[in-house]
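Peer 1: So that we are looking at the same thing, I have put the structure below in structure tokens.
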Amino acid sequence: MASKMTLRMQLLALQALIVFLVTLATGITAGAFQENALREAYKDRMQAVAQSVAALPVVREAFAHEDPAAVIQPIAEVIREASDLAYVVVANEDGIRYSHPNPERIGERVSTDPSIPLGGEIYVGTQTGTLGTSWRVKVPIRDDDGGVIGTASVGILESELDEEFASNLAWLISAMLAAAVLGVFGAAWVTSVIRRRIYRLEPHQIAALVKNQETTLHRLSEGVITVDGEGRITLVNDAAARFLDRDAGDLDGALADDVLGPELFALLHEGESAGRPVIVGSHVLVARSTASEDDGADVGATLLLRDHTELHDVVRRVEAADAIIAFRQRFGLPKGLSGETLERVSAALAARPEASATEIGDDLQISRVSARRYLEHLAATGQAVRSLDYGTKGRPSARYRITDPR
């Protein structure tokens with residue numbers, strides 16, 4: 001399915017998925033922190049209320065009355081309503097209640113274990129009592145001598161905590177949705193920027209371009225070397241490596257100053273658009289380069305190397321052959337011509353005011369082609385003058401006349 005999607009849709013979908021997962025994880029983490037903070041806030045409030053109740057002189061003195069509940073119950077209810085808690089329960093050392101939100105429960109034994117606060121310690125935790133499961137704090141009540149005479153227990157129902165957490169969770173979910181929407185819009189913008197940077201090409205088009213570039217680059221007969229602003233080779237093809245008699249892998253990333261000869265490095269540094277002949281080992285190269293400086297700052301440069309070794313050898317052979325031909329024409333007969341036949345041709349031409357190769361051939365009983373070669377030699381050496389006869393049908397015929405009749 002992913003292969004059938006455009007690059008734009010793939011990028012957008014992947015980024016949207018990342019945004020969703022990150023937002024979800026952040027929301028879950030924030031929710032957990034919020035719940036913990038809510039419980040900690042209630043714990044601090046409940047502990048403060050419980051310790052305040054346990055420290056009230058009127059509560060402590062009421063333990064000695066004949067009917068402690070008559071004194072403690074009204075005080076406990078006022079404190080419960082003021083602190084917005086589920087209950088404030090005061091009990092004696094036997095666990096008998098002196099206060100409760102439900103007055104019918106007064107005088108009964110507490111429904112949970114009071115041993116921890118009766119042992120002089122503070123208890124914080126979740127327990128299930130007569131009102132249901134609640135988050136509670138229990139503290140000991142001490143007399144003037146420091147002895148434990150009872151307990152003060154305050155708490156809030158877990159259901160109320162859940163309701164408050166759910167109400168606080170609404171804004172958190174709204175914030176998560178807003179963040180997700182903004183993230184999707186941001187992903188769409190990033191996708192658009194990336195698409196513009198790669199000229200809106202699809203992955204298969206990019207892969208084809210890279211493959212074609214690699215194939216073309218390494219099949220080129222010209223050597224290509226690219227150098228970055230720091231003077232390191234960033235690209236080199238097989239032809240360039242062959243010209244330098246090095247392995248392409250060794251050249252990649254190497255300093256151009258270390259692997260290029262002084263002449264090539266100078267040409268790379270200075271720039272040469274027309275091409276300059278350079279001898280590298282056994283190769284005769286024509287090198288071209290883009291300038292590697294811009295207002296004194298180094299920039300990337302490309303060096304192109306074309307092998308002219310074979311062409312150079314051919315030119316040398318042609319020049320040598322031309323020199324031999326010129327020498328023969330100046331100082332002797334060309335190959336295939338004889339002096340005796342040349343004299344006969346010269347005499348036959350001198351016997352006529354002018355003649356064609358056919359006429360001379362007929363006179364001397366030689367072929368027209370052979371006669372023409374001798375006549376051309378006489379014309380080339382200045383012993384005869386060659387002219388064209390336009391009076392004949394078809395192409396004009398060549399006619400010759402002697403310049404120094406003998």
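If you're wondering about the labels, chains in the structure tokens are A, B, ... by order shown, residues count from 1 in each chain, ligands from 1 in order shown.
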Excluding A:Trp189 and any residue of its chain fewer than 6 positions from it, enumerate the residues within 10 Å of it, using only C-alpha atoms, and give them as a list in words.

Peer 2: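 Surrounding residues, per the criterion: Leu12, Gly183 and Arg195 of chain A.
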
Peer 1: List as a list in words the protein and nucleic acid residues near A:Leu21, meaning an atom at most 12 Å away when only C-alpha atoms are counted, but skip any in the same chain fewer than 6 places from it.

Peer 2: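 After dropping sequence-adjacent residues, the list is Leu14, Gln15, Gly27, Ile28, Met176, Ala179, Ala180 and Gly183 of chain A.
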
Peer 1: Just checking: using only C-alpha atoms, which residue out of A:Thr112, A:Gln73, A:Asn102, A:Gln51 ends up closest to A:Arg142?

Peer 2: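 Ranking A:Thr112, A:Gln73, A:Asn102, A:Gln51 by distance to A:Arg142, first place goes to A:Gln51.
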
Peer 1: For A:Pro68, please output as a ChimeraX atom specification all residues within 10 Å (counting only C-alpha atoms; exclusion window: fewer than 5 positions along the same chain).

Peer 2: /A:59-63,73,90-92,97-99

Peer 1: Can I get the selection written as a short mmCIF file (atom, residue, chain, number, x, y, z; two decimals), in the first residue's frame, with all heavy atoms?

Peer 2:
data_model
loop_
_atom_site.label_atom_id
_atom_site.label_comp_id
_atom_site.auth_asym_id
_atom_site.auth_seq_id
_atom_site.Cartn_x
_atom_site.Cartn_y
_atom_site.Cartn_z
N VAL A 59 -11.50 18.86 71.45
CA VAL A 59 -11.67 17.46 71.06
C VAL A 59 -10.97 16.56 72.08
O VAL A 59 -11.52 15.54 72.51
CB VAL A 59 -11.13 17.22 69.64
CG1 VAL A 59 -11.10 15.73 69.30
CG2 VAL A 59 -11.96 17.98 68.62
N ARG A 60 -9.77 16.92 72.45
CA ARG A 60 -9.02 16.10 73.40
C ARG A 60 -9.72 16.07 74.76
O ARG A 60 -9.78 15.02 75.43
CB ARG A 60 -7.61 16.64 73.53
CG ARG A 60 -6.79 16.45 72.25
CD ARG A 60 -5.60 17.39 72.20
NE ARG A 60 -4.72 17.21 73.35
CZ ARG A 60 -3.68 18.01 73.61
NH1 ARG A 60 -3.44 19.04 72.81
NH2 ARG A 60 -2.92 17.78 74.63
N GLU A 61 -10.28 17.22 75.19
CA GLU A 61 -10.96 17.27 76.49
C GLU A 61 -12.27 16.50 76.45
O GLU A 61 -12.74 15.98 77.48
CB GLU A 61 -11.23 18.73 76.86
CG GLU A 61 -9.94 19.49 77.17
CD GLU A 61 -10.20 20.98 77.37
OE1 GLU A 61 -11.38 21.41 77.22
OE2 GLU A 61 -9.23 21.72 77.64
N ALA A 62 -12.88 16.43 75.24
CA ALA A 62 -14.18 15.75 75.14
C ALA A 62 -14.06 14.27 75.42
O ALA A 62 -15.06 13.60 75.76
CB ALA A 62 -14.76 15.97 73.75
N PHE A 63 -12.86 13.71 75.25
CA PHE A 63 -12.67 12.28 75.52
C PHE A 63 -12.99 11.94 76.99
O PHE A 63 -13.30 10.79 77.30
CB PHE A 63 -11.25 11.87 75.18
CG PHE A 63 -11.06 11.50 73.73
CD1 PHE A 63 -11.04 12.48 72.76
CD2 PHE A 63 -10.91 10.18 73.33
CE1 PHE A 63 -10.84 12.16 71.44
CE2 PHE A 63 -10.74 9.86 72.00
CZ PHE A 63 -10.71 10.85 71.03
N GLN A 73 -19.00 15.53 67.47
CA GLN A 73 -19.72 15.41 66.20
C GLN A 73 -19.97 16.76 65.53
O GLN A 73 -19.69 16.91 64.34
CB GLN A 73 -21.04 14.66 66.43
CG GLN A 73 -21.99 14.62 65.25
CD GLN A 73 -21.48 13.79 64.07
OE1 GLN A 73 -20.43 13.15 64.18
NE2 GLN A 73 -22.21 13.81 62.97
N VAL A 90 -13.72 10.70 64.30
CA VAL A 90 -12.89 10.66 65.51
C VAL A 90 -13.31 9.42 66.30
O VAL A 90 -14.50 9.17 66.50
CB VAL A 90 -13.07 11.93 66.36
CG1 VAL A 90 -12.26 11.81 67.67
CG2 VAL A 90 -12.66 13.16 65.58
N ALA A 91 -12.32 8.63 66.72
CA ALA A 91 -12.61 7.41 67.47
C ALA A 91 -11.66 7.31 68.66
O ALA A 91 -10.57 7.91 68.66
CB ALA A 91 -12.46 6.18 66.58
N ASN A 92 -12.10 6.54 69.68
CA ASN A 92 -11.24 6.39 70.86
C ASN A 92 -10.25 5.26 70.64
O ASN A 92 -10.18 4.68 69.56
CB ASN A 92 -12.09 6.17 72.12
CG ASN A 92 -12.91 4.89 72.03
OD1 ASN A 92 -12.66 4.03 71.16
ND2 ASN A 92 -13.89 4.74 72.90
N ARG A 97 -16.48 5.08 67.38
CA ARG A 97 -16.61 6.38 66.72
C ARG A 97 -17.28 7.39 67.64
O ARG A 97 -18.28 7.09 68.31
CB ARG A 97 -17.44 6.26 65.43
CG ARG A 97 -16.85 5.35 64.37
CD ARG A 97 -17.68 5.51 63.08
NE ARG A 97 -17.28 4.55 62.06
CZ ARG A 97 -17.90 3.40 61.81
NH1 ARG A 97 -18.97 3.08 62.54
NH2 ARG A 97 -17.47 2.61 60.88
N TYR A 98 -16.75 8.63 67.59
CA TYR A 98 -17.38 9.77 68.26
C TYR A 98 -17.95 10.75 67.24
O TYR A 98 -18.65 11.70 67.62
CB TYR A 98 -16.37 10.51 69.14
CG TYR A 98 -15.95 9.72 70.36
CD1 TYR A 98 -14.73 9.99 70.97
CD2 TYR A 98 -16.77 8.73 70.91
CE1 TYR A 98 -14.32 9.27 72.10
CE2 TYR A 98 -16.36 8.01 72.03
CZ TYR A 98 -15.14 8.29 72.61
OH TYR A 98 -14.76 7.59 73.72
N SER A 99 -17.62 10.51 65.93
CA SER A 99 -18.18 11.36 64.86
C SER A 99 -18.23 10.54 63.57
O SER A 99 -17.43 9.63 63.35
CB SER A 99 -17.33 12.62 64.66
OG SER A 99 -16.04 12.29 64.16
#

Peer 1: To one decimal in Å, tell me the separation between atom CA of A:Arg109 and atom CA of A:Gly155.

Peer 2: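 Atom-to-atom, atom CA of A:Arg109 and atom CA of A:Gly155 are spaced 17.3 Å apart.
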
Peer 1: Just list as a ChimeraX atom specification whatever in stretch 5-248 of chain A DSSP marks as alpha helix (DSSP H).

Peer 2: /A:7-55,57-62,68-83,115-118,158-197,203-219,238-244,248

Peer 1: Which of these, A:Leu11, A:Ala384, A:Asn168, A:Asp363, has the shortest distance to A:Ile194 once you count only C-alpha atoms?

Peer 2: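 Smallest separation from A:Ile194 among the options: A:Leu11.
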
Peer 1: Any idea what's packed within 8 Å of A:Tyr400, counting only C-alpha atoms, ignoring anything in its chain fewer than 4 positions away? Could you give it as a list in words?

Peer 2: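 The neighbour list is Leu349, Glu354, Ala355, Ser356, Leu375, Ala379, Ala384, Val385, Arg386 and Ser387 of chain A.
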
Peer 1: Store the residues picked out above in a file with C-alpha atoms, as a compact mmCIF listing (two decimals), in the first residue's frame.

Peer 2:
# COMPACT_ATOMS: atom_id res chain seq x y z
CA LEU A 349 54.51 16.99 -72.58
CA GLU A 354 49.52 21.30 -73.71
CA ALA A 355 48.10 17.89 -73.15
CA SER A 356 45.81 15.87 -70.89
CA LEU A 375 51.92 15.05 -64.55
CA ALA A 379 53.00 20.39 -61.54
CA ALA A 384 54.52 22.02 -65.37
CA VAL A 385 51.43 24.16 -65.09
CA ARG A 386 48.06 22.60 -64.46
CA SER A 387 44.85 24.24 -65.76

Peer 1: List every residue of stretch 175-375 of chain A that DSSP, applied to the backbone, labels as strand (DSSP E), and write the result as a VMD selection string.

Peer 2: chain A and resid 223 to 227 233 to 236 272 to 280 283 to 289 293 to 294 297 to 298 301 to 307 355 to 356

Peer 1: Can you work out which one of A:Ala170, A:Val53, A:Leu209, A:Asn36 has the shortest atom-to-atom distance to A:Lys138, counting only C-alpha atoms?

Peer 2: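 Smallest separation from A:Lys138 among the options: A:Val53.
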
Peer 1: Would you mind listing what lies within 8 Å of stretch 224-239 of chain A as JSON, numbers by chain, with only C-alpha atoms counted and same-chain residues fewer than 2 positions away left out?

Peer 2: {"A": [217, 218, 219, 220, 221, 222, 241, 242, 243, 248, 251, 252, 253, 254, 255, 256, 257, 292, 298, 299, 300, 301, 302, 303, 304, 305]}

Peer 1: Using the selection just defined, write its residues with C-alpha atoms as a compact mmCIF listing (two decimals), in the first residue's frame.

Peer 2:
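Okay, selection_25.txt is ready:
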# COMPACT_ATOMS: atom_id res chain seq x y z
CA LEU A 217 29.26 8.94 -14.39
CA HIS A 218 31.21 5.72 -14.19
CA ARG A 219 30.81 4.91 -17.87
CA LEU A 220 32.11 8.27 -19.02
CA SER A 221 35.38 8.23 -20.88
CA GLU A 222 36.10 11.63 -19.32
CA ALA A 241 40.87 7.06 -11.00
CA ARG A 242 42.38 5.26 -14.00
CA PHE A 243 44.11 8.43 -15.22
CA ALA A 248 38.38 5.27 -6.70
CA LEU A 251 40.40 8.94 -3.68
CA ASP A 252 36.98 9.54 -2.14
CA GLY A 253 37.43 11.87 0.84
CA ALA A 254 41.17 12.38 0.25
CA LEU A 255 42.74 15.83 0.11
CA ALA A 256 43.08 16.98 -3.48
CA ASP A 257 46.52 18.41 -2.73
CA SER A 292 37.50 27.18 -6.67
CA ASP A 298 36.89 28.58 -1.11
CA VAL A 299 33.95 26.93 -2.84
CA GLY A 300 33.50 23.58 -4.54
CA ALA A 301 35.22 22.90 -7.86
CA THR A 302 34.98 20.26 -10.57
CA LEU A 303 37.88 18.95 -12.64
CA LEU A 304 37.20 17.35 -16.03
CA LEU A 305 39.91 15.23 -17.62
